[in-house]
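Below is the file structure.pdb, which contains PDB, C-alpha atoms.
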ATOM      1  CA  MET A  22      -4.911   1.137  46.711
ATOM      2  CA  THR A  23      -2.354  -1.667  46.977
ATOM      3  CA  GLU A  24       1.110  -1.602  45.435
ATOM      4  CA  ALA A  25      -0.013  -4.374  43.089
ATOM      5  CA  ASP A  26      -2.873  -2.177  41.878
ATOM      6  CA  ALA A  27      -0.442   0.653  41.310
ATOM      7  CA  LEU A  28       1.799  -1.585  39.235
ATOM      8  CA  CYS A  29      -1.138  -2.781  37.147
ATOM      9  CA  GLY A  30      -2.240   0.791  36.599
ATOM     10  CA  SER A  31       1.243   1.715  35.444
ATOM     11  CA  ASP A  32       1.289  -1.156  32.943
ATOM     12  CA  ALA A  33      -2.108  -0.116  31.620
ATOM     13  CA  GLY A  34      -0.873   3.419  31.111
ATOM     14  CA  MET A  35       2.161   2.189  29.192
ATOM     15  CA  SER A  36      -0.095   0.078  26.952
ATOM     16  CA  THR A  37      -2.280   3.080  26.140
ATOM     17  CA  ASP A  38       0.702   5.278  25.296
ATOM     18  CA  SER A  39       2.167   2.648  22.944
ATOM     19  CA  SER A  40      -1.051   2.639  20.907
ATOM     20  CA  LYS A  41      -0.661   6.288  19.928
ATOM     21  CA  VAL A  42       0.422   7.098  16.372
ATOM     22  CA  GLY A  43       3.579   9.184  16.504
ATOM     23  CA  LEU A  44       4.792  11.780  14.017
ATOM     24  CA  GLY A  45       7.253   9.274  12.589
ATOM     25  CA  ARG A  46       4.428   7.079  11.284
ATOM     26  CA  TRP A  47       2.778  10.056   9.573
ATOM     27  CA  ILE A  48       6.078  10.934   7.910
ATOM     28  CA  LEU A  49       6.690   7.309   6.854
ATOM     29  CA  PHE A  50       3.199   6.968   5.384
ATOM     30  CA  TRP A  51       3.100  10.210   3.425
ATOM     31  CA  THR A  52       6.695   9.890   2.217
ATOM     32  CA  ILE A  53       5.889   6.534   0.615
ATOM     33  CA  ALA A  54       2.379   7.511  -0.551
ATOM     34  CA  LEU A  55       3.191  10.912  -2.062
ATOM     35  CA  GLY A  56       6.678   9.917  -3.185
ATOM     36  CA  GLY A  57       5.323   6.811  -4.895
ATOM     37  CA  MET A  58       2.558   8.786  -6.597
ATOM     38  CA  ALA A  59       5.053  11.404  -7.819
ATOM     39  CA  PHE A  60       7.368   8.697  -9.167
ATOM     40  CA  ASP A  61       4.477   6.995 -10.974
ATOM     41  CA  LEU A  62       3.181  10.194 -12.580
ATOM     42  CA  THR A  63       6.681  11.322 -13.561
ATOM     43  CA  THR A  64       7.528   8.038 -15.281
ATOM     44  CA  LYS A  65       4.203   8.064 -17.138
ATOM     45  CA  SER A  66       4.772  11.609 -18.388
ATOM     46  CA  GLU A  67       8.368  10.925 -19.417
ATOM     47  CA  ILE A  68       7.660   7.673 -21.258
ATOM     48  CA  PHE A  69       4.611   9.025 -23.080
ATOM     49  CA  ALA A  70       6.533  12.175 -24.050
ATOM     50  CA  ARG A  71       9.462  10.170 -25.432
ATOM     51  CA  ILE A  72       7.626   7.271 -27.086
ATOM     52  CA  GLY A  73       4.322   8.959 -27.862
ATOM     53  CA  PRO A  74       0.713   8.010 -27.143
ATOM     54  CA  PRO A  75      -0.717   4.758 -28.480
ATOM     55  CA  PRO A  76      -0.440   3.399 -31.056
ATOM     56  CA  SER A  77       3.301   3.727 -30.642
ATOM     57  CA  ARG A  78       6.254   1.640 -31.694
ATOM     58  CA  PRO A  79       7.439  -0.558 -28.772
ATOM     59  CA  VAL A  80      10.928   0.039 -27.424
ATOM     60  CA  SER A  81      12.662  -3.216 -26.495
ATOM     61  CA  LEU A  82      14.604  -3.285 -23.212
ATOM     62  CA  VAL A  83      15.181  -7.046 -22.976
ATOM     63  CA  PRO A  84      14.538  -8.819 -26.291
ATOM     64  CA  ASN A  85      11.498 -11.129 -26.194
ATOM     65  CA  VAL A  86      10.950 -10.320 -22.494
ATOM     66  CA  LEU A  87      10.541  -6.639 -21.609
ATOM     67  CA  GLU A  88       9.602  -3.559 -23.602
ATOM     68  CA  LEU A  89       8.130  -0.081 -23.281
ATOM     69  CA  HIS A  90       4.788   0.066 -25.061
ATOM     70  CA  THR A  91       2.335   2.888 -24.335
ATOM     71  CA  SER A  92      -1.298   1.987 -23.815
ATOM     72  CA  TYR A  93      -4.500   3.462 -22.392
ATOM     73  CA  ASN A  94      -6.478   1.505 -19.810
ATOM     74  CA  ARG A  95     -10.000   2.484 -18.770
ATOM     75  CA  GLY A  96     -10.372  -0.453 -16.401
ATOM     76  CA  ALA A  97      -8.762  -1.562 -13.165
ATOM     77  CA  LEU A  98      -5.502  -3.428 -12.662
ATOM     78  CA  TRP A  99      -4.335  -5.119 -15.888
ATOM     79  CA  GLY A 100      -7.374  -3.829 -17.754
ATOM     80  CA  LEU A 101     -10.002  -5.624 -15.677
ATOM     81  CA  GLY A 102     -13.466  -4.150 -16.179
ATOM     82  CA  SER A 103     -12.409  -1.846 -19.027
ATOM     83  CA  SER A 104     -15.512  -2.729 -21.053
ATOM     84  CA  MET A 105     -17.867  -1.422 -18.343
ATOM     85  CA  GLU A 106     -19.691   1.849 -18.998
ATOM     86  CA  HIS A 107     -18.102   4.808 -17.165
ATOM     87  CA  SER A 108     -15.508   2.379 -15.817
ATOM     88  CA  SER A 109     -12.864   5.085 -15.392
ATOM     89  CA  LEU A 110     -15.073   7.199 -13.096
ATOM     90  CA  LEU A 111     -16.258   4.104 -11.239
ATOM     91  CA  PHE A 112     -12.722   2.954 -10.441
ATOM     92  CA  ALA A 113     -11.685   6.511  -9.558
ATOM     93  CA  GLY A 114     -14.512   6.598  -7.017
ATOM     94  CA  LEU A 115     -13.443   3.240  -5.593
ATOM     95  CA  SER A 116      -9.878   4.540  -5.265
ATOM     96  CA  ILE A 117     -11.093   7.547  -3.273
ATOM     97  CA  VAL A 118     -13.173   5.335  -0.978
ATOM     98  CA  ALA A 119     -10.157   3.028  -0.484
ATOM     99  CA  ALA A 120      -7.957   6.024   0.345
ATOM    100  CA  PHE A 121     -10.344   7.174   3.073
ATOM    101  CA  GLY A 122     -10.548   3.607   4.400
ATOM    102  CA  ILE A 123      -6.759   3.313   4.567
ATOM    103  CA  PHE A 124      -6.441   6.657   6.333
ATOM    104  CA  TYR A 125      -9.106   5.729   8.890
ATOM    105  CA  TRP A 126      -7.588   2.310   9.574
ATOM    106  CA  LEU A 127      -4.102   3.690  10.102
ATOM    107  CA  PHE A 128      -4.634   6.967  11.938
ATOM    108  CA  VAL A 129      -8.065   6.742  13.554
ATOM    109  CA  TYR A 130      -8.101   3.033  14.363
ATOM    110  CA  LYS A 131      -4.335   3.468  15.049
ATOM    111  CA  ALA A 132      -3.109   0.511  12.989
ATOM    112  CA  ALA A 133      -0.150   2.746  12.067
ATOM    113  CA  ALA A 134       1.494   1.616  15.319
ATOM    114  CA  ASP A 135       2.873  -1.224  13.133
ATOM    115  CA  TRP A 136       5.416   0.251  10.680
ATOM    116  CA  ARG A 137       5.137  -2.752   8.345
ATOM    117  CA  LEU A 138       1.397  -2.307   7.999
ATOM    118  CA  THR A 139       1.919   1.425   7.530
ATOM    119  CA  SER A 140       4.407   0.805   4.702
ATOM    120  CA  ALA A 141       2.161  -1.719   2.954
ATOM    121  CA  LEU A 142      -0.882   0.543   3.044
ATOM    122  CA  ALA A 143       1.236   3.519   1.970
ATOM    123  CA  LEU A 144       2.264   1.587  -1.153
ATOM    124  CA  ILE A 145      -1.382   0.823  -1.884
ATOM    125  CA  MET A 146      -2.250   4.495  -1.334
ATOM    126  CA  ALA A 147       0.538   5.564  -3.717
ATOM    127  CA  GLY A 148      -0.716   3.260  -6.460
ATOM    128  CA  ALA A 149      -4.341   4.253  -5.929
ATOM    129  CA  LEU A 150      -3.519   7.984  -6.047
ATOM    130  CA  GLY A 151      -1.357   7.658  -9.159
ATOM    131  CA  ASN A 152      -3.995   5.830 -11.172
ATOM    132  CA  CYS A 153      -6.841   7.913  -9.701
ATOM    133  CA  TYR A 154      -5.152  11.085 -10.970
ATOM    134  CA  ASP A 155      -5.024   9.637 -14.487
ATOM    135  CA  ARG A 156      -8.677   8.583 -14.397
ATOM    136  CA  LEU A 157      -9.938  11.941 -13.151
ATOM    137  CA  MET A 158      -7.700  14.157 -15.286
ATOM    138  CA  LEU A 159      -7.370  12.080 -18.475
ATOM    139  CA  GLY A 160     -10.286   9.656 -18.411
ATOM    140  CA  HIS A 161      -7.947   6.643 -18.545
ATOM    141  CA  VAL A 162      -4.789   5.227 -16.983
ATOM    142  CA  ARG A 163      -1.475   5.439 -18.799
ATOM    143  CA  ASP A 164       0.341   2.087 -18.981
ATOM    144  CA  PHE A 165       3.705   1.453 -20.599
ATOM    145  CA  VAL A 166       5.519  -1.602 -19.199
ATOM    146  CA  HIS A 167       5.010  -4.773 -21.216
ATOM    147  CA  PHE A 168       6.424  -7.973 -19.739
ATOM    148  CA  HIS A 169       6.231 -11.105 -21.857
ATOM    149  CA  VAL A 170       8.268 -14.281 -22.224
ATOM    150  CA  ASP A 171       7.891 -15.282 -25.850
ATOM    151  CA  PRO A 172       9.656 -18.684 -25.671
ATOM    152  CA  ILE A 173       6.968 -19.996 -23.298
ATOM    153  CA  GLY A 174       4.089 -17.946 -24.669
ATOM    154  CA  PHE A 175       3.602 -15.833 -21.512
ATOM    155  CA  ASP A 176       2.175 -12.350 -22.096
ATOM    156  CA  CYS A 177       1.299 -10.036 -19.190
ATOM    157  CA  ALA A 178      -1.068  -7.104 -19.662
ATOM    158  CA  ILE A 179       0.677  -3.745 -20.013
ATOM    159  CA  PHE A 180       1.020  -2.002 -16.629
ATOM    160  CA  ASN A 181       2.654   0.924 -14.843
ATOM    161  CA  PHE A 182       4.495   1.556 -11.580
ATOM    162  CA  ALA A 183       1.270   2.411  -9.724
ATOM    163  CA  ASP A 184       0.083  -1.128 -10.495
ATOM    164  CA  ASN A 185       3.368  -2.482  -9.114
ATOM    165  CA  MET A 186       2.886  -0.537  -5.876
ATOM    166  CA  LEU A 187      -0.676  -1.816  -5.501
ATOM    167  CA  VAL A 188       0.445  -5.423  -5.981
ATOM    168  CA  SER A 189       3.495  -5.030  -3.706
ATOM    169  CA  GLY A 190       1.384  -3.531  -0.921
ATOM    170  CA  ALA A 191      -1.210  -6.298  -1.256
ATOM    171  CA  ILE A 192       1.488  -8.996  -1.103
ATOM    172  CA  ILE A 193       2.968  -7.456   2.067
ATOM    173  CA  LEU A 194      -0.496  -7.344   3.646
ATOM    174  CA  MET A 195      -1.020 -11.011   2.797
ATOM    175  CA  LEU A 196       2.336 -11.979   4.310
ATOM    176  CA  LEU A 197       1.538 -10.001   7.466
ATOM    177  CA  ALA A 198      -1.828 -11.743   7.734
ATOM    178  CA  LEU A 199      -0.186 -15.170   7.399
ATOM    179  CA  ARG A 200       2.511 -14.595  10.008
ATOM    180  CA  PRO A 201       2.049 -16.607  13.222
ATOM    181  CA  ASP A 202       0.794 -14.826  16.319
ATOM    182  CA  PRO A 203       3.599 -13.966  18.783
ATOM    183  CA  ALA A 204       3.940 -16.280  21.750
ATOM    184  CA  PRO A 205       2.557 -14.830  25.004
ATOM    185  CA  THR A 206       5.255 -13.307  27.192
ATOM    186  CA  ALA A 207       5.681 -14.198  30.833
ATOM    187  CA  SER A 208       4.522 -11.728  33.461
ATOM    188  CA  PRO A 209       7.369  -9.427  34.616
ATOM    189  CA  ILE A 210       6.272 -10.112  38.209
ATOM    190  CA  GLY A 211       7.248 -13.651  39.168
ATOM    191  CA  PRO A 212       5.493 -15.770  41.800
ATOM    192  CA  SER A 213       7.974 -14.907  44.512
ATOM    193  CA  ALA A 214       7.733 -11.181  43.819
ATOM    194  CA  ALA A 215       3.933 -11.292  43.783
ATOM    195  CA  GLU A 216       3.889 -13.075  47.154
ATOM    196  CA  SER A 217       6.100 -10.393  48.696
ATOM    197  CA  LEU A 218       3.756  -7.542  47.724
ATOM    198  CA  PRO A 219       1.799  -6.123  50.701
ATOM    199  CA  VAL A 220      -1.941  -6.750  50.731
ATOM    200  CA  SER A 221      -4.270  -4.004  51.928
TER
END

Let me see the structure of the file written as structure tokens.
Amino acid sequence: MTEADALCGSDAGMSTDSSKVGLGRWILFWTIALGGMAFDLTTKSEIFARIGPPPSRPVSLVPNVLELHTSYNRGALWGLGSSMEHSSLLFAGLSIVAAFGIFYWLFVYKAAADWRLTSALALIMAGALGNCYDRLMLGHVRDFVHFHVDPIGFDCAIFNFADNMLVSGAIILMLLALRPDPAPTASPIGPSAAESLPVS
């Protein structure tokens, strides 16, 4: 085997090692996913305990813009598909499938080597788990944040923090997909160095 072959073999070994998912990525993923789910479920419980289940009297935070207003949602994000039969169980099942897909992509396919992708998918996992818990345990999702801008007639569907995590994770994924590919790097072995290597 030539010295050049040995160098190439060394580079290949380094490339393989860098594709492994280290403990740090597992910690990053589950900290965001489980921490986000816990935050979502805690805020839902606190707001519903203080304001009461729907129909409840809205609590204004920013007049004509932002208020706390409890609501039940049997559909997906922003109430989509709520009129479908057994919609809550259907979307809970989709959340479980998505969770397995995320886990496989990150830790089996080893996409977790990229910490940005890991963070984005962890946010999506957090939102999916938070809303999935509600659907399985309560039969609906608890929403309580109502954003609306009355002067211009804008009125957003009532949502929760799990919805925010789902949207934030999706936006990060979209930005990562739109980023330009990195420029190819020059070989660490220049022409003069390659010429000086012995040939067997």

Using all atoms listed in the file: which of A:His161, A:Lys131, A:Lys65, A:His167 has the shortest distance to Val80 (chain A):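 Under the stated criterion, the closest residue is A:His167.
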
Selection result of the PyMOL selection byres ((chain A and resi 176) around 12) on this file, as a tab-separated table (two decimals) with C-alpha atoms, in the coordinates of the input:
chain	number	residue	atom	x	y	z
A	85	ASN	CA	11.50	-11.13	-26.19
A	86	VAL	CA	10.95	-10.32	-22.49
A	87	LEU	CA	10.54	-6.64	-21.61
A	88	GLU	CA	9.60	-3.56	-23.60
A	99	TRP	CA	-4.34	-5.12	-15.89
A	166	VAL	CA	5.52	-1.60	-19.20
A	167	HIS	CA	5.01	-4.77	-21.22
A	168	PHE	CA	6.42	-7.97	-19.74
A	169	HIS	CA	6.23	-11.10	-21.86
A	170	VAL	CA	8.27	-14.28	-22.22
A	171	ASP	CA	7.89	-15.28	-25.85
A	172	PRO	CA	9.66	-18.68	-25.67
A	173	ILE	CA	6.97	-20.00	-23.30
A	174	GLY	CA	4.09	-17.95	-24.67
A	175	PHE	CA	3.60	-15.83	-21.51
A	177	CYS	CA	1.30	-10.04	-19.19
A	178	ALA	CA	-1.07	-7.10	-19.66
A	179	ILE	CA	0.68	-3.74	-20.01
A	180	PHE	CA	1.02	-2.00	-16.63

Output of the PyMOL selection byres ((chain A and resi 49) around 10), listed as a PyMOL selection string: chain A and resi 44-48+50-54+133+136+139-140+143

Contact residues around Val188 (chain A) with all atoms listed in the file at 10 Å, ignoring same-chain residues under 2 positions, as a list in words: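 These residues fall inside the cut-off: Leu98, Ala141, Leu144, Ile145, Gly148, Phe182, Ala183, Asp184, Asn185, Met186, Gly190, Ala191, Ile192, Ile193 and Leu194 of chain A.
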
Write a file of the just-selected residues containing C-alpha atoms, as a CSV table (one decimal), in the coordinates of the input.
chain,number,residue,atom,x,y,z
A,98,LEU,CA,-5.5,-3.4,-12.7
A,141,ALA,CA,2.2,-1.7,3.0
A,144,LEU,CA,2.3,1.6,-1.2
A,145,ILE,CA,-1.4,0.8,-1.9
A,148,GLY,CA,-0.7,3.3,-6.5
A,182,PHE,CA,4.5,1.6,-11.6
A,183,ALA,CA,1.3,2.4,-9.7
A,184,ASP,CA,0.1,-1.1,-10.5
A,185,ASN,CA,3.4,-2.5,-9.1
A,186,MET,CA,2.9,-0.5,-5.9
A,190,GLY,CA,1.4,-3.5,-0.9
A,191,ALA,CA,-1.2,-6.3,-1.3
A,192,ILE,CA,1.5,-9.0,-1.1
A,193,ILE,CA,3.0,-7.5,2.1
A,194,LEU,CA,-0.5,-7.3,3.6

Contacts of Ser92 (chain A) within 8 Å, all atoms listed in the file, excl. fewer than 6 positions in-chain, as a count of residues only: 7

Point-to-point distance in Å for CA of Arg95 (chain A) and CA of Leu150 (chain A): 15.3 Å

Ref. answer, residues at most 10 Å from (4.4, 9.0, -12.8) with all atoms listed in the file, as number ranges by chain: A: 56-68, 148, 151-152, 154-155, 163, 181-183

Resolved residues for the PyMOL selection byres ((chain A and resi 116) around 12) as a PyMOL selection string: chain A and resi 97-98+109-115+117-123+145-157+187

Only C-alpha atoms, please: the residues just picked out, written as a CSV table (one decimal), in the coordinates of the input.
chain,number,residue,atom,x,y,z
A,97,ALA,CA,-8.8,-1.6,-13.2
A,98,LEU,CA,-5.5,-3.4,-12.7
A,109,SER,CA,-12.9,5.1,-15.4
A,110,LEU,CA,-15.1,7.2,-13.1
A,111,LEU,CA,-16.3,4.1,-11.2
A,112,PHE,CA,-12.7,3.0,-10.4
A,113,ALA,CA,-11.7,6.5,-9.6
A,114,GLY,CA,-14.5,6.6,-7.0
A,115,LEU,CA,-13.4,3.2,-5.6
A,117,ILE,CA,-11.1,7.5,-3.3
A,118,VAL,CA,-13.2,5.3,-1.0
A,119,ALA,CA,-10.2,3.0,-0.5
A,120,ALA,CA,-8.0,6.0,0.3
A,121,PHE,CA,-10.3,7.2,3.1
A,122,GLY,CA,-10.5,3.6,4.4
A,123,ILE,CA,-6.8,3.3,4.6
A,145,ILE,CA,-1.4,0.8,-1.9
A,146,MET,CA,-2.2,4.5,-1.3
A,147,ALA,CA,0.5,5.6,-3.7
A,148,GLY,CA,-0.7,3.3,-6.5
A,149,ALA,CA,-4.3,4.3,-5.9
A,150,LEU,CA,-3.5,8.0,-6.0
A,151,GLY,CA,-1.4,7.7,-9.2
A,152,ASN,CA,-4.0,5.8,-11.2
A,153,CYS,CA,-6.8,7.9,-9.7
A,154,TYR,CA,-5.2,11.1,-11.0
A,155,ASP,CA,-5.0,9.6,-14.5
A,156,ARG,CA,-8.7,8.6,-14.4
A,157,LEU,CA,-9.9,11.9,-13.2
A,187,LEU,CA,-0.7,-1.8,-5.5

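Among the candidate residues A:Val129, A:Ile72, A:Leu199, A:Leu138, the one lying nearest to Lys41 (chain A) is A:Val129, with distances computed using all atoms listed in the file.
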
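Going from CA of Met195 (chain A) to CA of Trp126 (chain A) covers 16.3 Å.
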
For Leu196 (chain A), the nearest of the candidates A:Arg71, A:Ser77, A:Arg137, A:Tyr93, counting all atoms listed in the file: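 Looking at the shortest contact to Leu196 (chain A), the residue is A:Arg137.
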
Six-sided padding of 3 Å per side, axis-aligned box over region 49-62 of chain A, centre and edges in Å, one decimal, as JSON:
{"center_x": 4.9, "center_y": 9.0, "center_z": -2.9, "size_x": 11.0, "size_y": 10.9, "size_z": 25.4}

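Going from CA of Val162 (chain A) to CA of Pro84 (chain A) covers 25.6 Å.
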
Please produce region 174-207 of chain A, completed to N, CA and C atoms, as a PDB file, in the coordinates of the input.
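Once written, part.pdb looks like this:
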ATOM      1  N   GLY A 174       5.407 -18.457 -24.343  1.00  0.00           N
ATOM      2  CA  GLY A 174       4.089 -17.946 -24.669  1.00  0.00           C
ATOM      3  C   GLY A 174       3.421 -17.154 -23.564  1.00  0.00           C
ATOM      4  N   PHE A 175       4.188 -16.629 -22.595  1.00  0.00           N
ATOM      5  CA  PHE A 175       3.602 -15.833 -21.512  1.00  0.00           C
ATOM      6  C   PHE A 175       3.518 -14.377 -21.929  1.00  0.00           C
ATOM      7  N   ASP A 176       2.366 -13.747 -21.715  1.00  0.00           N
ATOM      8  CA  ASP A 176       2.175 -12.350 -22.096  1.00  0.00           C
ATOM      9  C   ASP A 176       1.342 -11.648 -21.023  1.00  0.00           C
ATOM     10  N   CYS A 177       1.983 -10.774 -20.256  1.00  0.00           N
ATOM     11  CA  CYS A 177       1.299 -10.036 -19.190  1.00  0.00           C
ATOM     12  C   CYS A 177       0.697  -8.758 -19.756  1.00  0.00           C
ATOM     13  N   ALA A 178      -0.448  -8.362 -19.233  1.00  0.00           N
ATOM     14  CA  ALA A 178      -1.068  -7.104 -19.662  1.00  0.00           C
ATOM     15  C   ALA A 178      -0.137  -5.938 -19.360  1.00  0.00           C
ATOM     16  N   ILE A 179      -0.178  -4.915 -20.198  1.00  0.00           N
ATOM     17  CA  ILE A 179       0.677  -3.745 -20.013  1.00  0.00           C
ATOM     18  C   ILE A 179       0.283  -3.035 -18.718  1.00  0.00           C
ATOM     19  N   PHE A 180       1.287  -2.603 -17.935  1.00  0.00           N
ATOM     20  CA  PHE A 180       1.020  -2.002 -16.629  1.00  0.00           C
ATOM     21  C   PHE A 180       1.905  -0.796 -16.402  1.00  0.00           C
ATOM     22  N   ASN A 181       1.820  -0.217 -15.216  1.00  0.00           N
ATOM     23  CA  ASN A 181       2.654   0.924 -14.843  1.00  0.00           C
ATOM     24  C   ASN A 181       3.177   0.729 -13.425  1.00  0.00           C
ATOM     25  N   PHE A 182       3.913   1.710 -12.912  1.00  0.00           N
ATOM     26  CA  PHE A 182       4.495   1.556 -11.580  1.00  0.00           C
ATOM     27  C   PHE A 182       3.447   1.666 -10.472  1.00  0.00           C
ATOM     28  N   ALA A 183       2.348   2.372 -10.713  1.00  0.00           N
ATOM     29  CA  ALA A 183       1.270   2.411  -9.724  1.00  0.00           C
ATOM     30  C   ALA A 183       0.705   1.011  -9.512  1.00  0.00           C
ATOM     31  N   ASP A 184       0.551   0.256 -10.611  1.00  0.00           N
ATOM     32  CA  ASP A 184       0.083  -1.128 -10.495  1.00  0.00           C
ATOM     33  C   ASP A 184       1.056  -1.955  -9.661  1.00  0.00           C
ATOM     34  N   ASN A 185       2.355  -1.746  -9.886  1.00  0.00           N
ATOM     35  CA  ASN A 185       3.368  -2.482  -9.114  1.00  0.00           C
ATOM     36  C   ASN A 185       3.257  -2.176  -7.627  1.00  0.00           C
ATOM     37  N   MET A 186       3.007  -0.920  -7.288  1.00  0.00           N
ATOM     38  CA  MET A 186       2.886  -0.537  -5.876  1.00  0.00           C
ATOM     39  C   MET A 186       1.645  -1.169  -5.252  1.00  0.00           C
ATOM     40  N   LEU A 187       0.545  -1.184  -5.999  1.00  0.00           N
ATOM     41  CA  LEU A 187      -0.676  -1.816  -5.501  1.00  0.00           C
ATOM     42  C   LEU A 187      -0.450  -3.293  -5.214  1.00  0.00           C
ATOM     43  N   VAL A 188       0.196  -3.986  -6.149  1.00  0.00           N
ATOM     44  CA  VAL A 188       0.445  -5.423  -5.981  1.00  0.00           C
ATOM     45  C   VAL A 188       1.429  -5.664  -4.840  1.00  0.00           C
ATOM     46  N   SER A 189       2.493  -4.861  -4.772  1.00  0.00           N
ATOM     47  CA  SER A 189       3.495  -5.030  -3.706  1.00  0.00           C
ATOM     48  C   SER A 189       2.869  -4.828  -2.333  1.00  0.00           C
ATOM     49  N   GLY A 190       2.048  -3.777  -2.195  1.00  0.00           N
ATOM     50  CA  GLY A 190       1.384  -3.531  -0.921  1.00  0.00           C
ATOM     51  C   GLY A 190       0.445  -4.660  -0.538  1.00  0.00           C
ATOM     52  N   ALA A 191      -0.285  -5.193  -1.530  1.00  0.00           N
ATOM     53  CA  ALA A 191      -1.210  -6.298  -1.256  1.00  0.00           C
ATOM     54  C   ALA A 191      -0.457  -7.562  -0.835  1.00  0.00           C
ATOM     55  N   ILE A 192       0.686  -7.817  -1.460  1.00  0.00           N
ATOM     56  CA  ILE A 192       1.488  -8.996  -1.103  1.00  0.00           C
ATOM     57  C   ILE A 192       2.006  -8.868   0.332  1.00  0.00           C
ATOM     58  N   ILE A 193       2.481  -7.666   0.697  1.00  0.00           N
ATOM     59  CA  ILE A 193       2.968  -7.456   2.067  1.00  0.00           C
ATOM     60  C   ILE A 193       1.845  -7.653   3.068  1.00  0.00           C
ATOM     61  N   LEU A 194       0.652  -7.145   2.753  1.00  0.00           N
ATOM     62  CA  LEU A 194      -0.496  -7.344   3.646  1.00  0.00           C
ATOM     63  C   LEU A 194      -0.801  -8.825   3.824  1.00  0.00           C
ATOM     64  N   MET A 195      -0.731  -9.580   2.725  1.00  0.00           N
ATOM     65  CA  MET A 195      -1.020 -11.011   2.797  1.00  0.00           C
ATOM     66  C   MET A 195       0.012 -11.733   3.656  1.00  0.00           C
ATOM     67  N   LEU A 196       1.278 -11.351   3.507  1.00  0.00           N
ATOM     68  CA  LEU A 196       2.336 -11.979   4.310  1.00  0.00           C
ATOM     69  C   LEU A 196       2.169 -11.633   5.792  1.00  0.00           C
ATOM     70  N   LEU A 197       1.763 -10.392   6.078  1.00  0.00           N
ATOM     71  CA  LEU A 197       1.538 -10.001   7.466  1.00  0.00           C
ATOM     72  C   LEU A 197       0.364 -10.765   8.066  1.00  0.00           C
ATOM     73  N   ALA A 198      -0.659 -11.010   7.241  1.00  0.00           N
ATOM     74  CA  ALA A 198      -1.828 -11.743   7.734  1.00  0.00           C
ATOM     75  C   ALA A 198      -1.504 -13.205   7.997  1.00  0.00           C
ATOM     76  N   LEU A 199      -0.525 -13.753   7.265  1.00  0.00           N
ATOM     77  CA  LEU A 199      -0.186 -15.170   7.399  1.00  0.00           C
ATOM     78  C   LEU A 199       0.851 -15.438   8.476  1.00  0.00           C
ATOM     79  N   ARG A 200       1.468 -14.390   9.003  1.00  0.00           N
ATOM     80  CA  ARG A 200       2.511 -14.595  10.008  1.00  0.00           C
ATOM     81  C   ARG A 200       1.882 -15.156  11.283  1.00  0.00           C
ATOM     82  N   PRO A 201       2.599 -16.030  11.983  1.00  0.00           N
ATOM     83  CA  PRO A 201       2.049 -16.607  13.222  1.00  0.00           C
ATOM     84  C   PRO A 201       1.941 -15.559  14.313  1.00  0.00           C
ATOM     85  N   ASP A 202       0.955 -15.732  15.191  1.00  0.00           N
ATOM     86  CA  ASP A 202       0.794 -14.826  16.319  1.00  0.00           C
ATOM     87  C   ASP A 202       1.980 -14.974  17.270  1.00  0.00           C
ATOM     88  N   PRO A 203       2.479 -13.875  17.842  1.00  0.00           N
ATOM     89  CA  PRO A 203       3.599 -13.966  18.783  1.00  0.00           C
ATOM     90  C   PRO A 203       3.214 -14.752  20.022  1.00  0.00           C
ATOM     91  N   ALA A 204       4.190 -15.492  20.538  1.00  0.00           N
ATOM     92  CA  ALA A 204       3.940 -16.280  21.750  1.00  0.00           C
ATOM     93  C   ALA A 204       3.713 -15.349  22.928  1.00  0.00           C
ATOM     94  N   PRO A 205       2.805 -15.690  23.835  1.00  0.00           N
ATOM     95  CA  PRO A 205       2.557 -14.830  25.004  1.00  0.00           C
ATOM     96  C   PRO A 205       3.800 -14.725  25.873  1.00  0.00           C
ATOM     97  N   THR A 206       4.076 -13.527  26.356  1.00  0.00           N
ATOM     98  CA  THR A 206       5.255 -13.307  27.192  1.00  0.00           C
ATOM     99  C   THR A 206       4.902 -13.529  28.656  1.00  0.00           C
ATOM    100  N   ALA A 207       5.897 -13.947  29.405  1.00  0.00           N
ATOM    101  CA  ALA A 207       5.681 -14.198  30.833  1.00  0.00           C
ATOM    102  C   ALA A 207       5.493 -12.887  31.575  1.00  0.00           C
TER     103      ALA A 207
END
